[in-house]
Amino acid sequence: RSSDLIQFKKALQIDPRYGEAHYELGEVYMKTEKLGEAYKEFKAAVDADPNDLKSRVQMGTILFTGGSKYYKDAEEQARYVTEHDPNNWEGYLLLGNVMFGDKKPQDAIDAYTKVITLKPDNASAYLNRGVSYASMKQMDAAEKDMRKSISVDPASLPGYVNLAGLYMYQKDPKKAEDVYREAIAKNPDKPSAYLRLAGLLLR
């Protein structure tokens, strides 16, 4: 919100090295998708306190979204976080995403498994690990994880989309159709679920 933006900027006028204000300002910029501005604020927070792990996670996340040329820098942030706090599940989630993007699916699986150990209700970790298994042609493990992601968060459509895609890859459109019908049953107010089913039936 603009009021938050103003307040955090005022705080930084008083103390330019107020790390928490830099972090909160970065969060405001993230919500408005001003990633360049957000990155500058998170970096300023880390400059003020190198052990500000939440700012490092956000820096790494922004770097990761920038594409493969930033993967190494994103990995450095993730590893710093996990080395300094072995229980930081967000650091492992970031590391898994970077490893998968860097075509290292087994390393990604290891990182996502750590997330699941620390935070068993994290649907993204199950889904991403499932996608990693699928990339290694370990389809039974992939299906199990994708199913788990749906059970943990029935409102998240990516779980259904990836599971349906897995069944289509296996040339089983009936199972894919069943997945989309399940998505509609659990999310009757989401038009995209109906569109996915319609697209499948048209094909």
# chains A, B, ... in the order shown; residues from 1 in each chain; ligands from 1
call {"tool": "residues_around", "arguments": {"residues": "Asp102 of chain A", "least_positions_apart": "5", "cutoff": "9 Å", "atoms": "only C-alpha atoms", "output": "list in words"}}
result
Ser68, Tyr71, Lys72 and Asn97 of chain A
call {"tool": "write_last_selection", "arguments": {"atoms": "C-alpha atoms", "output": "PDB file, in the first residue's frame"}}
result
ATOM      1  CA  SER A  68      19.536 -19.106 -15.855  1.00  0.00           C
ATOM      2  CA  TYR A  71      21.021 -19.214 -11.038  1.00  0.00           C
ATOM      3  CA  LYS A  72      24.517 -19.283  -9.541  1.00  0.00           C
ATOM      4  CA  ASN A  97      13.812 -24.509  -7.419  1.00  0.00           C
TER       5      ASN A  97
END
call {"tool": "residues_around", "arguments": {"residues": "segment 187-202 of chain A", "least_positions_apart": "5", "cutoff": "9 Å", "atoms": "only C-alpha atoms", "output": "list in words"}}
result
Pro154, Ala155, Ser156, Leu157, Tyr160, Val161, Pro173, Ala176, Glu177, Val179, Tyr180, Arg181 and Glu182 of chain A
call {"tool": "write_last_selection", "arguments": {"atoms": "C-alpha atoms", "output": "short mmCIF file (atom, residue, chain, number, x, y, z; two decimals), in the first residue's frame"}}
result
data_model
loop_
_atom_site.label_atom_id
_atom_site.label_comp_id
_atom_site.auth_asym_id
_atom_site.auth_seq_id
_atom_site.Cartn_x
_atom_site.Cartn_y
_atom_site.Cartn_z
CA PRO A 154 -7.07 -28.91 -2.78
CA ALA A 155 -7.50 -25.27 -3.86
CA SER A 156 -4.17 -25.11 -5.73
CA LEU A 157 -4.78 -25.82 -9.42
CA TYR A 160 -4.18 -30.92 -10.74
CA VAL A 161 -2.65 -29.53 -13.93
CA PRO A 173 -6.68 -39.23 -21.05
CA ALA A 176 -6.48 -36.84 -16.83
CA GLU A 177 -10.19 -36.09 -17.29
CA VAL A 179 -8.29 -35.22 -12.33
CA TYR A 180 -9.88 -32.12 -13.84
CA ARG A 181 -13.33 -33.23 -12.73
CA GLU A 182 -11.93 -33.62 -9.23
#
call {"tool": "residues_around", "arguments": {"residues": "segment 63-67 of chain A", "least_positions_apart": "4", "cutoff": "9 Å", "atoms": "only C-alpha atoms", "output": "number ranges by chain"}}
result
A: 39, 58-59, 71-75, 94, 97-98, 101
call {"tool": "write_last_selection", "arguments": {"atoms": "all heavy atoms", "output": "mmCIF file, in the first residue's frame"}}
result
data_model
loop_
_atom_site.group_PDB
_atom_site.id
_atom_site.type_symbol
_atom_site.label_atom_id
_atom_site.label_comp_id
_atom_site.auth_asym_id
_atom_site.auth_seq_id
_atom_site.Cartn_x
_atom_site.Cartn_y
_atom_site.Cartn_z
ATOM 1 N N TYR A 39 14.573 -5.858 -5.061
ATOM 2 C CA TYR A 39 15.912 -6.431 -4.898
ATOM 3 C C TYR A 39 16.856 -5.437 -4.210
ATOM 4 O O TYR A 39 17.621 -5.809 -3.313
ATOM 5 C CB TYR A 39 16.482 -6.837 -6.252
ATOM 6 C CG TYR A 39 17.836 -7.493 -6.149
ATOM 7 C CD1 TYR A 39 17.954 -8.858 -5.895
ATOM 8 C CD2 TYR A 39 19.015 -6.753 -6.279
ATOM 9 C CE1 TYR A 39 19.192 -9.470 -5.775
ATOM 10 C CE2 TYR A 39 20.254 -7.349 -6.157
ATOM 11 C CZ TYR A 39 20.331 -8.705 -5.913
ATOM 12 O OH TYR A 39 21.566 -9.308 -5.783
ATOM 13 N N GLN A 58 14.533 -13.722 -0.226
ATOM 14 C CA GLN A 58 13.843 -12.897 -1.219
ATOM 15 C C GLN A 58 14.783 -12.473 -2.345
ATOM 16 O O GLN A 58 14.386 -12.438 -3.512
ATOM 17 C CB GLN A 58 13.216 -11.670 -0.548
ATOM 18 C CG GLN A 58 12.095 -12.005 0.431
ATOM 19 C CD GLN A 58 10.868 -12.569 -0.250
ATOM 20 O OE1 GLN A 58 10.962 -13.528 -1.023
ATOM 21 N NE2 GLN A 58 9.723 -11.988 0.012
ATOM 22 N N MET A 59 16.022 -12.138 -1.995
ATOM 23 C CA MET A 59 17.008 -11.810 -3.038
ATOM 24 C C MET A 59 17.183 -12.995 -3.986
ATOM 25 O O MET A 59 17.177 -12.837 -5.208
ATOM 26 C CB MET A 59 18.365 -11.475 -2.399
ATOM 27 C CG MET A 59 18.467 -10.088 -1.798
ATOM 28 S SD MET A 59 20.077 -9.839 -0.988
ATOM 29 C CE MET A 59 21.194 -9.961 -2.403
ATOM 30 N N TYR A 71 21.198 -18.038 -11.899
ATOM 31 C CA TYR A 71 21.021 -19.214 -11.038
ATOM 32 C C TYR A 71 22.157 -19.366 -10.029
ATOM 33 O O TYR A 71 21.921 -19.723 -8.868
ATOM 34 C CB TYR A 71 20.923 -20.486 -11.883
ATOM 35 C CG TYR A 71 19.589 -20.679 -12.575
ATOM 36 C CD1 TYR A 71 19.407 -21.705 -13.504
ATOM 37 C CD2 TYR A 71 18.508 -19.832 -12.320
ATOM 38 C CE1 TYR A 71 18.199 -21.896 -14.145
ATOM 39 C CE2 TYR A 71 17.298 -20.007 -12.974
ATOM 40 C CZ TYR A 71 17.145 -21.044 -13.880
ATOM 41 O OH TYR A 71 15.946 -21.221 -14.517
ATOM 42 N N LYS A 72 23.379 -19.122 -10.447
ATOM 43 C CA LYS A 72 24.517 -19.283 -9.541
ATOM 44 C C LYS A 72 24.393 -18.338 -8.345
ATOM 45 O O LYS A 72 24.611 -18.743 -7.194
ATOM 46 C CB LYS A 72 25.836 -19.034 -10.269
ATOM 47 C CG LYS A 72 27.067 -19.264 -9.395
ATOM 48 C CD LYS A 72 28.361 -19.061 -10.165
ATOM 49 C CE LYS A 72 29.577 -19.277 -9.265
ATOM 50 N NZ LYS A 72 30.850 -19.057 -10.003
ATOM 51 N N ASP A 73 24.029 -17.097 -8.615
ATOM 52 C CA ASP A 73 23.872 -16.118 -7.534
ATOM 53 C C ASP A 73 22.700 -16.500 -6.625
ATOM 54 O O ASP A 73 22.777 -16.346 -5.398
ATOM 55 C CB ASP A 73 23.652 -14.718 -8.100
ATOM 56 C CG ASP A 73 24.885 -14.174 -8.803
ATOM 57 O OD1 ASP A 73 26.001 -14.603 -8.453
ATOM 58 O OD2 ASP A 73 24.730 -13.339 -9.707
ATOM 59 N N ALA A 74 21.624 -17.008 -7.224
ATOM 60 C CA ALA A 74 20.475 -17.438 -6.430
ATOM 61 C C ALA A 74 20.853 -18.625 -5.549
ATOM 62 O O ALA A 74 20.464 -18.703 -4.379
ATOM 63 C CB ALA A 74 19.312 -17.816 -7.347
ATOM 64 N N GLU A 75 21.637 -19.546 -6.108
ATOM 65 C CA GLU A 75 22.086 -20.705 -5.334
ATOM 66 C C GLU A 75 22.954 -20.273 -4.155
ATOM 67 O O GLU A 75 22.839 -20.821 -3.047
ATOM 68 C CB GLU A 75 22.876 -21.663 -6.224
ATOM 69 C CG GLU A 75 23.372 -22.902 -5.481
ATOM 70 C CD GLU A 75 24.222 -23.818 -6.340
ATOM 71 O OE1 GLU A 75 24.285 -23.620 -7.562
ATOM 72 O OE2 GLU A 75 24.831 -24.748 -5.770
ATOM 73 N N LEU A 94 13.869 -22.634 -2.055
ATOM 74 C CA LEU A 94 14.575 -21.853 -3.070
ATOM 75 C C LEU A 94 15.671 -22.676 -3.713
ATOM 76 O O LEU A 94 15.819 -22.692 -4.945
ATOM 77 C CB LEU A 94 15.161 -20.582 -2.444
ATOM 78 C CG LEU A 94 16.105 -19.752 -3.325
ATOM 79 C CD1 LEU A 94 15.398 -19.260 -4.581
ATOM 80 C CD2 LEU A 94 16.679 -18.580 -2.535
ATOM 81 N N ASN A 97 14.246 -25.152 -6.172
ATOM 82 C CA ASN A 97 13.812 -24.509 -7.419
ATOM 83 C C ASN A 97 14.995 -24.188 -8.325
ATOM 84 O O ASN A 97 14.942 -24.389 -9.539
ATOM 85 C CB ASN A 97 13.049 -23.224 -7.099
ATOM 86 C CG ASN A 97 11.719 -23.495 -6.421
ATOM 87 O OD1 ASN A 97 11.201 -24.601 -6.466
ATOM 88 N ND2 ASN A 97 11.169 -22.481 -5.776
ATOM 89 N N VAL A 98 16.083 -23.704 -7.710
ATOM 90 C CA VAL A 98 17.271 -23.364 -8.495
ATOM 91 C C VAL A 98 17.895 -24.624 -9.082
ATOM 92 O O VAL A 98 18.281 -24.653 -10.261
ATOM 93 C CB VAL A 98 18.301 -22.610 -7.630
ATOM 94 C CG1 VAL A 98 19.589 -22.389 -8.414
ATOM 95 C CG2 VAL A 98 17.732 -21.268 -7.169
ATOM 96 N N GLY A 101 15.797 -25.820 -11.956
ATOM 97 C CA GLY A 101 16.001 -24.931 -13.101
ATOM 98 C C GLY A 101 17.344 -25.151 -13.761
ATOM 99 O O GLY A 101 17.480 -25.018 -14.982
#
call {"tool": "select_by_dssp", "arguments": {"residues": "segment 84-197 of chain A", "states": "alpha helix (DSSP H)", "output": "number ranges by chain"}}
result
A: 84, 89-101, 105-118, 123-135, 139-152, 157-169, 173-186, 191-197
call {"tool": "atom_distance", "arguments": {"atom1": "atom CA of Ser124 of chain A", "atom2": "atom CA of Ser149 of chain A"}}
result
6.8 Å
call {"tool": "residues_around", "arguments": {"residues": "Thr82 of chain A", "least_positions_apart": "5", "cutoff": "12 Å", "atoms": "only C-alpha atoms", "output": "PyMOL selection string"}}
result
chain A and resi 51+53-54+56-57+75-77+87-96+111+114-115
call {"tool": "write_last_selection", "arguments": {"atoms": "N, CA, C and O atoms", "output": "compact mmCIF listing (two decimals), in the first residue's frame"}}
result
# COMPACT_ATOMS: atom_id res chain seq x y z
N ASN A 51 23.33 -11.48 8.19
CA ASN A 51 22.58 -12.66 8.63
C ASN A 51 21.06 -12.46 8.58
O ASN A 51 20.32 -13.20 9.23
N LEU A 53 18.40 -13.51 7.03
CA LEU A 53 18.15 -14.64 6.13
C LEU A 53 16.88 -14.47 5.32
O LEU A 53 16.81 -14.89 4.16
N LYS A 54 15.87 -13.84 5.88
CA LYS A 54 14.62 -13.67 5.12
C LYS A 54 14.84 -12.75 3.92
O LYS A 54 14.24 -12.96 2.86
N ARG A 56 17.72 -12.54 2.36
CA ARG A 56 18.51 -13.35 1.42
C ARG A 56 17.61 -14.29 0.62
O ARG A 56 17.83 -14.51 -0.58
N VAL A 57 16.60 -14.86 1.27
CA VAL A 57 15.66 -15.72 0.54
C VAL A 57 14.96 -14.93 -0.55
O VAL A 57 14.82 -15.40 -1.69
N GLU A 75 21.64 -19.55 -6.11
CA GLU A 75 22.09 -20.70 -5.33
C GLU A 75 22.95 -20.27 -4.15
O GLU A 75 22.84 -20.82 -3.05
N GLU A 76 23.80 -19.29 -4.37
CA GLU A 76 24.65 -18.79 -3.28
C GLU A 76 23.81 -18.27 -2.13
O GLU A 76 24.12 -18.52 -0.95
N GLN A 77 22.75 -17.56 -2.45
CA GLN A 77 21.88 -17.04 -1.39
C GLN A 77 21.19 -18.19 -0.65
O GLN A 77 21.11 -18.20 0.59
N ASN A 87 17.28 -25.27 9.62
CA ASN A 87 15.84 -25.49 9.72
C ASN A 87 15.03 -24.48 8.92
O ASN A 87 13.81 -24.38 9.09
N ASN A 88 15.70 -23.74 8.05
CA ASN A 88 15.02 -22.73 7.24
C ASN A 88 14.44 -23.39 5.98
O ASN A 88 15.13 -23.56 4.97
N TRP A 89 13.17 -23.76 6.04
CA TRP A 89 12.57 -24.48 4.92
C TRP A 89 12.47 -23.62 3.66
O TRP A 89 12.55 -24.15 2.54
N GLU A 90 12.33 -22.31 3.83
CA GLU A 90 12.25 -21.43 2.66
C GLU A 90 13.56 -21.44 1.88
O GLU A 90 13.56 -21.35 0.65
N GLY A 91 14.67 -21.54 2.60
CA GLY A 91 15.96 -21.62 1.93
C GLY A 91 16.09 -22.89 1.10
O GLY A 91 16.59 -22.87 -0.02
N TYR A 92 15.60 -24.00 1.65
CA TYR A 92 15.65 -25.27 0.91
C TYR A 92 14.69 -25.26 -0.28
O TYR A 92 15.00 -25.84 -1.33
N LEU A 93 13.53 -24.61 -0.12
CA LEU A 93 12.60 -24.52 -1.24
C LEU A 93 13.23 -23.74 -2.39
O LEU A 93 13.14 -24.14 -3.56
N LEU A 94 13.87 -22.63 -2.05
CA LEU A 94 14.58 -21.85 -3.07
C LEU A 94 15.67 -22.68 -3.71
O LEU A 94 15.82 -22.69 -4.94
N LEU A 95 16.43 -23.40 -2.89
CA LEU A 95 17.52 -24.22 -3.43
C LEU A 95 16.98 -25.28 -4.38
O LEU A 95 17.54 -25.52 -5.45
N GLY A 96 15.87 -25.91 -4.00
CA GLY A 96 15.27 -26.91 -4.88
C GLY A 96 14.85 -26.33 -6.21
O GLY A 96 15.09 -26.92 -7.27
N ALA A 111 16.60 -31.33 -1.91
CA ALA A 111 16.22 -30.07 -1.26
C ALA A 111 14.73 -30.06 -0.91
O ALA A 111 14.35 -29.66 0.20
N LYS A 114 13.98 -32.10 2.08
CA LYS A 114 14.31 -31.39 3.31
C LYS A 114 13.16 -30.45 3.70
O LYS A 114 12.81 -30.34 4.89
N VAL A 115 12.58 -29.78 2.72
CA VAL A 115 11.44 -28.90 2.99
C VAL A 115 10.30 -29.71 3.63
O VAL A 115 9.71 -29.31 4.64
call {"tool": "atom_distance", "arguments": {"atom1": "atom CA of Thr113 of chain A", "atom2": "atom CA of Lys148 of chain A"}}
result
13.2 Å
call {"tool": "atom_distance", "arguments": {"atom1": "atom CA of Ser151 of chain A", "atom2": "atom CA of Ile109 of chain A"}}
result
19.6 Å
call {"tool": "residues_around", "arguments": {"residues": "Glu27 of chain A", "least_positions_apart": "4", "cutoff": "8 Å", "atoms": "only C-alpha atoms", "output": "list in words"}}
result
Tyr23, Lys31 and Ala38 of chain A
call {"tool": "write_last_selection", "arguments": {"atoms": "C-alpha atoms", "output": "PDB file, in the first residue's frame"}}
result
ATOM      1  CA  TYR A  23      12.984  -5.566   4.194  1.00  0.00           C
ATOM      2  CA  LYS A  31       3.549  -7.178  -4.000  1.00  0.00           C
ATOM      3  CA  ALA A  38      12.496  -4.897  -4.258  1.00  0.00           C
TER       4      ALA A  38
END
call {"tool": "closest_residue", "arguments": {"among": "A:Asp140, A:Asp52, A:Pro120, A:Met168", "to": "Arg203 of chain A", "atoms": "only C-alpha atoms"}}
result
A:Met168
call {"tool": "decode", "arguments": {"residues": "segment 100-111 of chain A", "atoms": "all heavy atoms", "output": "PDB file, in the first residue's frame"}}
result
ATOM      1  N   PHE A 100      16.448 -27.466  -9.795  1.00  0.00           N
ATOM      2  CA  PHE A 100      15.621 -27.987 -10.885  1.00  0.00           C
ATOM      3  C   PHE A 100      15.797 -27.133 -12.138  1.00  0.00           C
ATOM      4  O   PHE A 100      15.938 -27.652 -13.244  1.00  0.00           O
ATOM      5  CB  PHE A 100      14.145 -28.029 -10.486  1.00  0.00           C
ATOM      6  CG  PHE A 100      13.273 -28.630 -11.553  1.00  0.00           C
ATOM      7  CD1 PHE A 100      13.238 -30.011 -11.724  1.00  0.00           C
ATOM      8  CD2 PHE A 100      12.521 -27.837 -12.394  1.00  0.00           C
ATOM      9  CE1 PHE A 100      12.453 -30.585 -12.720  1.00  0.00           C
ATOM     10  CE2 PHE A 100      11.730 -28.394 -13.384  1.00  0.00           C
ATOM     11  CZ  PHE A 100      11.705 -29.775 -13.553  1.00  0.00           C
ATOM     12  N   GLY A 101      15.797 -25.820 -11.956  1.00  0.00           N
ATOM     13  CA  GLY A 101      16.001 -24.931 -13.101  1.00  0.00           C
ATOM     14  C   GLY A 101      17.344 -25.151 -13.761  1.00  0.00           C
ATOM     15  O   GLY A 101      17.480 -25.018 -14.982  1.00  0.00           O
ATOM     16  N   ASP A 102      18.333 -25.531 -12.950  1.00  0.00           N
ATOM     17  CA  ASP A 102      19.689 -25.762 -13.455  1.00  0.00           C
ATOM     18  C   ASP A 102      19.881 -27.196 -13.954  1.00  0.00           C
ATOM     19  O   ASP A 102      20.999 -27.642 -14.138  1.00  0.00           O
ATOM     20  CB  ASP A 102      20.702 -25.458 -12.345  1.00  0.00           C
ATOM     21  CG  ASP A 102      22.059 -25.051 -12.899  1.00  0.00           C
ATOM     22  OD1 ASP A 102      22.115 -24.588 -14.069  1.00  0.00           O
ATOM     23  OD2 ASP A 102      23.063 -25.190 -12.184  1.00  0.00           O
ATOM     24  N   LYS A 103      18.760 -27.906 -14.121  1.00  0.00           N
ATOM     25  CA  LYS A 103      18.756 -29.281 -14.652  1.00  0.00           C
ATOM     26  C   LYS A 103      19.542 -30.254 -13.760  1.00  0.00           C
ATOM     27  O   LYS A 103      20.306 -31.096 -14.237  1.00  0.00           O
ATOM     28  CB  LYS A 103      19.287 -29.306 -16.093  1.00  0.00           C
ATOM     29  CG  LYS A 103      18.416 -28.518 -17.068  1.00  0.00           C
ATOM     30  CD  LYS A 103      18.937 -28.591 -18.487  1.00  0.00           C
ATOM     31  CE  LYS A 103      17.971 -27.955 -19.471  1.00  0.00           C
ATOM     32  NZ  LYS A 103      17.639 -26.563 -19.169  1.00  0.00           N
ATOM     33  N   LYS A 104      19.340 -30.117 -12.458  1.00  0.00           N
ATOM     34  CA  LYS A 104      19.930 -31.030 -11.480  1.00  0.00           C
ATOM     35  C   LYS A 104      18.795 -31.596 -10.627  1.00  0.00           C
ATOM     36  O   LYS A 104      18.650 -31.275  -9.441  1.00  0.00           O
ATOM     37  CB  LYS A 104      20.951 -30.300 -10.610  1.00  0.00           C
ATOM     38  CG  LYS A 104      22.137 -29.733 -11.399  1.00  0.00           C
ATOM     39  CD  LYS A 104      23.059 -28.908 -10.512  1.00  0.00           C
ATOM     40  CE  LYS A 104      24.217 -28.306 -11.301  1.00  0.00           C
ATOM     41  NZ  LYS A 104      25.062 -27.430 -10.455  1.00  0.00           N
ATOM     42  N   PRO A 105      17.950 -32.458 -11.253  1.00  0.00           N
ATOM     43  CA  PRO A 105      16.728 -32.899 -10.570  1.00  0.00           C
ATOM     44  C   PRO A 105      16.961 -33.669  -9.275  1.00  0.00           C
ATOM     45  O   PRO A 105      16.170 -33.545  -8.343  1.00  0.00           O
ATOM     46  CB  PRO A 105      16.023 -33.760 -11.623  1.00  0.00           C
ATOM     47  CG  PRO A 105      17.101 -34.159 -12.582  1.00  0.00           C
ATOM     48  CD  PRO A 105      18.060 -33.015 -12.602  1.00  0.00           C
ATOM     49  N   GLN A 106      18.034 -34.464  -9.199  1.00  0.00           N
ATOM     50  CA  GLN A 106      18.267 -35.207  -7.962  1.00  0.00           C
ATOM     51  C   GLN A 106      18.612 -34.259  -6.814  1.00  0.00           C
ATOM     52  O   GLN A 106      18.148 -34.444  -5.678  1.00  0.00           O
ATOM     53  CB  GLN A 106      19.380 -36.242  -8.141  1.00  0.00           C
ATOM     54  CG  GLN A 106      19.575 -37.145  -6.916  1.00  0.00           C
ATOM     55  CD  GLN A 106      18.304 -37.873  -6.524  1.00  0.00           C
ATOM     56  OE1 GLN A 106      17.732 -38.632  -7.303  1.00  0.00           O
ATOM     57  NE2 GLN A 106      17.837 -37.646  -5.290  1.00  0.00           N
ATOM     58  N   ASP A 107      19.406 -33.238  -7.105  1.00  0.00           N
ATOM     59  CA  ASP A 107      19.707 -32.231  -6.082  1.00  0.00           C
ATOM     60  C   ASP A 107      18.430 -31.486  -5.673  1.00  0.00           C
ATOM     61  O   ASP A 107      18.242 -31.142  -4.506  1.00  0.00           O
ATOM     62  CB  ASP A 107      20.749 -31.231  -6.588  1.00  0.00           C
ATOM     63  CG  ASP A 107      22.135 -31.852  -6.730  1.00  0.00           C
ATOM     64  OD1 ASP A 107      22.393 -32.882  -6.070  1.00  0.00           O
ATOM     65  OD2 ASP A 107      22.952 -31.309  -7.488  1.00  0.00           O
ATOM     66  N   ALA A 108      17.561 -31.251  -6.655  1.00  0.00           N
ATOM     67  CA  ALA A 108      16.283 -30.596  -6.363  1.00  0.00           C
ATOM     68  C   ALA A 108      15.438 -31.480  -5.448  1.00  0.00           C
ATOM     69  O   ALA A 108      14.857 -31.000  -4.469  1.00  0.00           O
ATOM     70  CB  ALA A 108      15.533 -30.307  -7.661  1.00  0.00           C
ATOM     71  N   ILE A 109      15.386 -32.773  -5.761  1.00  0.00           N
ATOM     72  CA  ILE A 109      14.618 -33.716  -4.935  1.00  0.00           C
ATOM     73  C   ILE A 109      15.130 -33.722  -3.501  1.00  0.00           C
ATOM     74  O   ILE A 109      14.349 -33.711  -2.542  1.00  0.00           O
ATOM     75  CB  ILE A 109      14.679 -35.134  -5.549  1.00  0.00           C
ATOM     76  CG1 ILE A 109      13.827 -35.187  -6.816  1.00  0.00           C
ATOM     77  CG2 ILE A 109      14.219 -36.193  -4.541  1.00  0.00           C
ATOM     78  CD1 ILE A 109      14.026 -36.433  -7.652  1.00  0.00           C
ATOM     79  N   ASP A 110      16.440 -33.720  -3.348  1.00  0.00           N
ATOM     80  CA  ASP A 110      17.031 -33.707  -2.002  1.00  0.00           C
ATOM     81  C   ASP A 110      16.600 -32.457  -1.230  1.00  0.00           C
ATOM     82  O   ASP A 110      16.282 -32.533  -0.042  1.00  0.00           O
ATOM     83  CB  ASP A 110      18.553 -33.771  -2.094  1.00  0.00           C
ATOM     84  CG  ASP A 110      19.058 -35.104  -2.640  1.00  0.00           C
ATOM     85  OD1 ASP A 110      18.285 -36.081  -2.641  1.00  0.00           O
ATOM     86  OD2 ASP A 110      20.220 -35.158  -3.082  1.00  0.00           O
ATOM     87  N   ALA A 111      16.601 -31.326  -1.913  1.00  0.00           N
ATOM     88  CA  ALA A 111      16.217 -30.068  -1.259  1.00  0.00           C
ATOM     89  C   ALA A 111      14.735 -30.056  -0.909  1.00  0.00           C
ATOM     90  O   ALA A 111      14.347 -29.659   0.198  1.00  0.00           O
ATOM     91  CB  ALA A 111      16.566 -28.885  -2.159  1.00  0.00           C
TER      92      ALA A 111
END
